[in-house]
>>> print(open('entry-v9.txt').read())   # compact mmCIF, C-alpha atoms
# COMPACT_ATOMS: atom_id res chain seq x y z
CA MET O 1 94.82 61.35 -31.42
CA SER O 2 98.22 62.56 -30.20
CA GLY O 3 100.78 60.07 -29.00
CA THR O 4 100.13 57.58 -31.78
CA GLY O 5 103.78 56.42 -31.81
CA PRO O 6 105.17 53.55 -29.74
CA ARG O 7 103.91 53.94 -26.19
CA GLU O 8 103.24 51.91 -23.09
CA ASN O 9 99.94 50.19 -22.45
CA ILE O 10 98.74 52.14 -19.44
CA PHE O 11 95.41 53.36 -18.12
CA PRO O 12 95.24 57.16 -18.48
CA THR O 13 95.02 58.63 -14.99
CA ARG O 14 96.63 61.59 -13.32
CA MET O 15 98.68 59.31 -11.08
CA ALA O 16 99.94 57.44 -14.16
CA LEU O 17 100.78 60.80 -15.76
CA THR O 18 102.79 61.84 -12.69
CA ASN O 19 104.64 58.51 -12.55
CA THR O 20 105.41 58.65 -16.27
CA LYS O 21 106.77 62.18 -15.96
CA LEU O 22 109.00 61.04 -13.10
CA ARG O 23 110.22 58.12 -15.21
CA LEU O 24 110.90 60.48 -18.11
CA LYS O 25 112.90 62.76 -15.82
CA GLY O 26 114.88 59.78 -14.55
CA ALA O 27 115.50 58.57 -18.12
CA GLN O 28 116.74 62.00 -19.16
CA THR O 29 119.03 62.19 -16.11
CA GLY O 30 120.34 58.68 -16.80
CA HIS O 31 120.92 59.56 -20.44
CA SER O 32 122.90 62.64 -19.42
CA LEU O 33 125.02 60.68 -16.94
CA LEU O 34 125.66 57.85 -19.39
CA ALA O 35 126.62 60.36 -22.10
CA LYS O 36 129.14 61.97 -19.73
CA LYS O 37 130.47 58.54 -18.79
CA ARG O 38 130.80 57.63 -22.47
CA ASP O 39 132.70 60.84 -23.19
CA ALA O 40 135.06 60.27 -20.25
CA LEU O 41 135.68 56.65 -21.29
CA THR O 42 136.20 57.68 -24.90
CA THR O 43 138.77 60.29 -23.86
CA ARG O 44 140.62 57.72 -21.74
CA PHE O 45 140.31 55.16 -24.51
CA ARG O 46 141.97 57.48 -27.03
CA ALA O 47 144.78 58.28 -24.58
CA ILE O 48 145.35 54.56 -23.98
CA LEU O 49 145.24 53.94 -27.73
CA ARG O 50 148.04 56.47 -28.26
CA ARG O 51 150.05 54.92 -25.43
CA VAL O 52 149.50 51.42 -26.86
CA ASP O 53 150.78 52.57 -30.24
CA GLU O 54 153.86 54.15 -28.62
CA ALA O 55 154.45 51.04 -26.45
CA LYS O 56 154.26 48.74 -29.47
CA ARG O 57 156.74 50.85 -31.38
CA LYS O 58 159.02 50.95 -28.34
CA MET O 59 158.61 47.20 -27.88
CA GLY O 60 159.69 46.62 -31.44
CA ARG O 61 162.83 48.72 -31.00
CA VAL O 62 163.66 47.14 -27.61
CA MET O 63 163.23 43.58 -28.91
CA GLN O 64 165.41 44.42 -31.86
CA LEU O 65 168.16 45.65 -29.53
CA ALA O 66 167.66 42.62 -27.29
CA SER O 67 168.06 40.25 -30.26
CA PHE O 68 171.28 42.01 -31.31
CA SER O 69 172.57 41.88 -27.71
CA LEU O 70 171.84 38.16 -27.47
CA ALA O 71 173.62 37.64 -30.78
CA GLU O 72 176.66 39.51 -29.44
CA VAL O 73 176.65 37.40 -26.27
CA THR O 74 176.38 34.20 -28.30
CA TYR O 75 179.21 35.35 -30.55
CA ALA O 76 181.43 36.34 -27.63
CA THR O 77 180.77 33.60 -25.08
CA GLY O 78 178.82 30.96 -26.91
CA ASP O 79 175.53 29.49 -25.62
CA ILE O 80 175.06 30.52 -21.97
CA SER O 81 171.39 29.63 -21.63
CA TYR O 82 172.12 26.52 -19.57
CA LEU O 83 174.32 28.55 -17.20
CA VAL O 84 171.58 31.10 -16.68
CA GLN O 85 168.99 28.39 -16.03
CA GLU O 86 171.22 26.65 -13.50
CA GLN O 87 172.09 29.81 -11.57
CA ALA O 88 168.58 31.32 -11.52
CA LYS O 89 167.19 30.65 -8.05
CA SER O 90 164.57 33.39 -7.60
CA ALA O 91 162.70 35.77 -9.85
CA SER O 92 164.41 39.06 -10.63
CA PHE O 93 161.14 40.68 -11.73
CA LYS O 94 157.81 40.58 -9.96
CA VAL O 95 154.61 41.91 -11.45
CA LYS O 96 152.18 43.67 -9.14
CA ALA O 97 148.57 44.24 -10.11
CA LYS O 98 146.45 47.18 -8.99
CA GLN O 99 143.09 48.60 -9.95
CA GLU O 100 142.21 51.97 -11.39
CA ASN O 101 138.67 53.36 -11.40
CA VAL O 102 137.67 55.35 -14.48
CA SER O 103 134.04 56.58 -14.35
CA GLY O 104 132.92 53.47 -12.53
CA VAL O 105 134.96 51.09 -14.69
CA VAL O 106 137.69 49.14 -12.93
CA LEU O 107 140.83 48.86 -15.06
CA PRO O 108 143.70 46.57 -14.07
CA ALA O 109 147.18 48.05 -14.08
CA PHE O 110 150.43 46.07 -13.84
CA GLU O 111 153.67 47.31 -12.39
CA VAL O 112 157.15 45.77 -12.45
CA ASP O 113 158.95 45.30 -9.17
CA ARG O 114 162.62 44.63 -9.90
CA VAL O 115 164.48 42.73 -7.22
CA PRO O 116 167.99 44.09 -6.68
CA GLY O 117 170.90 41.72 -7.18
CA SER O 118 171.29 38.76 -9.49
CA ASP O 119 171.89 35.04 -9.28
CA PHE O 120 174.24 34.86 -12.25
CA ASN O 121 176.73 37.65 -11.63
CA LEU O 122 179.64 35.38 -12.50
CA THR O 123 178.25 34.52 -15.94
CA GLY O 124 180.64 35.73 -18.61
CA LEU O 125 183.47 36.23 -16.18
CA GLY O 126 185.97 34.53 -18.50
CA ARG O 127 184.89 36.31 -21.65
CA GLY O 128 182.02 38.43 -22.91
CA GLY O 129 181.10 39.87 -19.55
CA GLN O 130 180.36 43.30 -20.97
CA GLN O 131 178.06 41.86 -23.64
CA VAL O 132 176.27 39.77 -20.99
CA LEU O 133 175.60 42.82 -18.79
CA ARG O 134 174.40 44.81 -21.78
CA ALA O 135 172.07 41.98 -22.85
CA LYS O 136 170.80 41.70 -19.26
CA GLU O 137 169.88 45.39 -19.12
CA VAL O 138 168.28 45.35 -22.55
CA TYR O 139 166.13 42.34 -21.70
CA ALA O 140 165.17 43.91 -18.36
CA LYS O 141 163.99 46.96 -20.24
CA ALA O 142 162.14 44.67 -22.68
CA VAL O 143 160.33 42.98 -19.78
CA GLU O 144 159.29 46.35 -18.33
CA THR O 145 158.04 47.48 -21.73
CA LEU O 146 156.17 44.19 -22.18
CA VAL O 147 154.42 44.52 -18.80
CA ASP O 148 153.48 48.12 -19.58
CA LEU O 149 152.12 47.05 -22.97
CA ALA O 150 150.14 44.19 -21.37
CA SER O 151 148.58 46.63 -18.88
CA LEU O 152 147.64 49.07 -21.64
CA GLN O 153 146.31 46.33 -23.90
CA THR O 154 144.13 44.88 -21.12
CA ALA O 155 142.72 48.32 -20.30
CA PHE O 156 142.18 48.93 -24.01
CA MET O 157 140.10 45.77 -24.44
CA ILE O 158 138.04 46.40 -21.29
CA LEU O 159 137.35 50.01 -22.26
CA ASP O 160 136.39 48.99 -25.77
CA GLU O 161 133.76 46.57 -24.48
CA VAL O 162 132.45 49.01 -21.85
CA ILE O 163 132.21 51.86 -24.39
CA ARG O 164 130.22 49.65 -26.75
CA ALA O 165 127.81 48.68 -23.97
CA THR O 166 127.49 52.31 -22.86
CA ASN O 167 126.81 53.44 -26.43
CA ARG O 168 124.08 50.81 -26.74
CA ARG O 169 122.49 52.01 -23.51
CA VAL O 170 122.71 55.68 -24.51
CA ASN O 171 121.18 54.96 -27.93
CA ALA O 172 118.45 52.79 -26.39
CA ILE O 173 117.48 55.50 -23.90
CA GLU O 174 117.68 58.27 -26.50
CA HIS O 175 115.85 56.56 -29.35
CA VAL O 176 113.56 54.05 -27.58
CA VAL O 177 112.88 54.80 -23.92
CA ILE O 178 112.54 58.60 -24.03
CA PRO O 179 110.32 58.69 -27.19
CA ARG O 180 108.13 55.93 -25.75
CA LEU O 181 107.66 57.82 -22.47
CA GLU O 182 107.01 61.09 -24.31
CA ASN O 183 104.37 59.40 -26.49
CA THR O 184 102.83 57.88 -23.36
CA ILE O 185 102.67 61.31 -21.71
CA LYS O 186 101.06 62.78 -24.83
CA TYR O 187 98.52 59.95 -24.92
CA ILE O 188 97.62 60.31 -21.22
CA THR O 189 97.37 64.10 -21.55
CA SER O 190 95.07 63.86 -24.57
CA GLU O 191 92.89 61.27 -22.85
CA LEU O 192 92.66 63.39 -19.69
CA ASP O 193 91.75 66.46 -21.76
CA GLU O 194 89.06 64.43 -23.50
CA MET O 195 87.75 63.23 -20.14
CA ASP O 196 87.72 66.82 -18.86
CA ARG O 197 85.75 67.93 -21.90
CA GLU O 198 83.29 65.09 -21.40
CA GLU O 199 82.95 65.95 -17.72
CA PHE O 200 82.38 69.62 -18.55
CA PHE O 201 79.75 68.71 -21.12
CA ARG O 202 78.09 66.38 -18.64
CA CYS O 203 78.05 69.07 -15.95
CA VAL O 204 76.63 71.61 -18.41
CA PHE O 205 73.99 69.10 -19.49
CA LEU O 206 73.05 68.37 -15.88
CA VAL O 207 72.83 72.08 -15.04
CA CYS O 208 70.70 72.75 -18.11
CA SER O 209 68.49 69.78 -17.28
CA HIS O 210 68.10 71.01 -13.71
CA ILE O 211 67.26 74.53 -14.89
CA HIS O 212 64.76 73.12 -17.39
CA LEU O 213 63.19 70.98 -14.67
CA VAL O 214 62.95 73.94 -12.28
CA LEU O 215 61.42 76.15 -14.95
CA SER O 216 58.99 73.39 -15.96
CA ASN O 217 57.93 72.90 -12.35
CA ALA O 218 57.55 76.65 -11.87
CA PHE O 219 55.47 76.93 -15.04
CA ARG O 220 53.37 73.96 -14.05
CA LEU O 221 52.87 75.39 -10.56
CA LYS O 222 51.94 78.76 -11.95
CA LYS O 223 49.53 77.10 -14.33
CA VAL O 224 47.95 75.13 -11.52
CA GLN O 225 47.68 78.24 -9.36
CA GLY O 226 46.10 80.14 -12.26
CA LYS O 227 43.62 77.37 -12.78
CA LYS O 228 42.77 77.31 -9.09
CA LYS O 229 42.32 81.07 -9.13
CA ARG O 230 40.07 80.88 -12.17
CA ASP O 231 38.12 78.06 -10.59
CA ALA O 232 37.75 80.10 -7.42
CA GLU O 233 36.59 83.15 -9.38
CA ALA O 234 34.18 81.00 -11.37
CA ALA O 235 32.85 79.47 -8.15
CA GLU O 236 32.48 82.93 -6.60
CA ALA O 237 30.67 84.23 -9.69
CA LEU O 238 28.44 81.17 -9.70
CA ARG O 239 27.64 81.67 -6.00
CA LYS O 240 26.77 85.32 -6.55
CA GLY O 241 24.59 84.44 -9.57
CA GLN O 242 22.81 81.79 -7.52
CA GLU O 243 22.14 84.25 -4.72
CA ALA O 244 20.77 86.80 -7.20
CA GLN O 245 18.54 84.15 -8.73
CA ASP O 246 17.22 83.13 -5.30
CA ILE O 247 16.33 86.73 -4.50
CA THR O 248 14.40 87.20 -7.75
CA GLU O 249 12.38 84.04 -7.15
CA LEU O 250 10.92 85.23 -3.71
CA PRO O 251 7.14 86.39 -3.34
CA PRO O 252 6.44 90.09 -3.82
CA ASP O 253 5.68 90.69 -0.19
CA LEU O 254 8.86 88.91 0.79
CA ALA O 255 10.66 90.27 -2.12
CA GLY O 256 9.65 93.83 -1.10
CA GLY O 257 10.89 93.21 2.31
CA GLY O 258 9.87 96.00 4.78
CA GLY O 259 7.57 98.33 2.66
CA ASP O 260 6.28 101.83 3.41
CA LEU O 261 3.70 101.33 6.11
CA LEU O 262 2.53 105.04 6.21
CA GLY O 263 2.08 105.39 2.51
CA SER O 264 -0.19 102.41 2.22
CA LYS O 265 -3.90 102.57 2.99
CA ASP O 266 -5.51 99.92 5.05
CA GLU O 267 -8.76 98.42 3.77
CA ASP O 268 -11.93 99.02 5.68
CA VAL O 269 -12.24 96.63 8.43
CA ILE O 270 -15.79 95.63 9.41
CA PHE O 271 -16.17 94.62 12.88
>>> encode(input="entry-v9.txt", output="structure tokens")
Amino acid sequence: MSGTGPRENIFPTRMALTNTKLRLKGAQTGHSLLAKKRDALTTRFRAILRRVDEAKRKMGRVMQLASFSLAEVTYATGDISYLVQEQAKSASFKVKAKQENVSGVVLPAFEVDRVPGSDFNLTGLGRGGQQVLRAKEVYAKAVETLVDLASLQTAFMILDEVIRATNRRVNAIEHVVIPRLENTIKYITSELDEMDREEFFRCVFLVCSHIHLVLSNAFRLKKVQGKKKRDAEAAEALRKGQEAQDITELPPDLAGGGGDLLGSKDEDVIF
């Protein structure tokens, strides 16, 4: 029997066949859409991966420059960390979060909003002011690079998890759902064909039985009519034979009926 692979336990009817075909069509459409989604996510994932690699390399160079700048400031002015902490009243950088939709996947994106002005403009006024400004700019650039890297890394991790889940769904539909539905359709089709053949054989058997019954009745009727006809002929022949026998058994004078009165001679009558 066809459809011997993994299939669903379902009663083979034409309605079940129609529903299964609709489910197969939906599974194929879903597989196509999920495959397109996977390709789009994979393309974006590779682009983000390249940007993450570039951001990490840039972050390494920027942090190296920032460390050298801080060393120059320390060498020129000494330790100014306490001065910066005392004069810092409000944040110079603010991080804004937004969302980006990529094929139905929401990816967070972070942006740096730099507030103009500074709370420690007088730091390094006596000495090392140029080194302080240079260190300030380098660390500002390091913060921007760090926020960009954090945004890319977050999107990278989310996309990685979503791509894995999408791949599992695509593989499940392709290798489990679609073959199961196809085997179910083959099973229902074979069962319906077998039922059609049985129905055809049953109809042929009924027609043949009806024809045989009609012919038997016709033959029996003809036989009965023939017997009646023979009986009637036999009865008619018997009746005619009986009449002939009755005529032969009559007296001569009656048997002769009306004889020849002129040809016969009367006996002498004595008065």
>>> closest_atom_pairs(input="entry-v9.txt", of="stretch 16-105 of chain O", to="stretch 148-160 of chain O", cutoff="7 Å", atoms="only C-alpha atoms", output="CSV")
residue,atom,partner,partner_atom,distance
O:Leu41,CA,O:Leu159,CA,6.9
O:Phe45,CA,O:Leu159,CA,6.4
O:Ile48,CA,O:Leu152,CA,6.4
O:Leu49,CA,O:Phe156,CA,6.9
O:Val52,CA,O:Leu152,CA,6.0
O:Ala55,CA,O:Leu149,CA,5.8
>>> write_last_selection(input="entry-v9.txt", atoms="C-alpha atoms", output="tab-separated table (two decimals), keeping the file's coordinate frame")
chain	number	residue	atom	x	y	z
O	41	LEU	CA	135.68	56.65	-21.29
O	45	PHE	CA	140.31	55.16	-24.51
O	48	ILE	CA	145.35	54.56	-23.98
O	49	LEU	CA	145.24	53.94	-27.73
O	52	VAL	CA	149.50	51.42	-26.86
O	55	ALA	CA	154.45	51.04	-26.45
>>> closest_residue(input="entry-v9.txt", among="O:Leu70, O:Ala109, O:Ile173, O:Leu192", to="O:Ala135", atoms="only C-alpha atoms")
O:Leu70
>>> closest_residue(input="entry-v9.txt", among="O:Glu8, O:Gln245, O:Met63, O:Glu174", to="O:Thr20", atoms="all atoms listed in the file")
O:Glu8
>>> axis_aligned_box(input="entry-v9.txt", around="stretch 217-227 of chain O", padding_each_side="3 Å", output="JSON")
{"center_x": 50.8, "center_y": 76.5, "center_z": -12.2, "size_x": 20.3, "size_y": 13.2, "size_z": 11.7}
>>> residues_around(input="entry-v9.txt", residues="O:Val102", least_positions_apart="5", cutoff="9 Å", atoms="only C-alpha atoms", output="list in words")
Lys37, Ala40, Leu41, Arg44 and Leu107 of chain O
>>> atom_distance(input="entry-v9.txt", atom1="atom CA of O:Val162", atom2="atom CA of O:Gly60")
29.0 Å
>>> atom_distance(input="entry-v9.txt", atom1="atom CA of O:His31", atom2="atom CA of O:Pro6")
19.3 Å
>>> closest_residue(input="entry-v9.txt", among="O:Ser92, O:Asn101, O:Ser69, O:Asn171", to="O:Leu133", atoms="all atoms listed in the file")
O:Ser69
>>> residues_around(input="entry-v9.txt", residues="O:Asn183", least_positions_apart="2", cutoff="9 Å", atoms="all atoms listed in the file", output="ChimeraX atom specification")
/O:2-8,178-181,185-188
>>> closest_residue(input="entry-v9.txt", among="O:Arg168, O:Glu194, O:Phe93, O:Phe201", to="O:Ala140", atoms="only C-alpha atoms")
O:Phe93
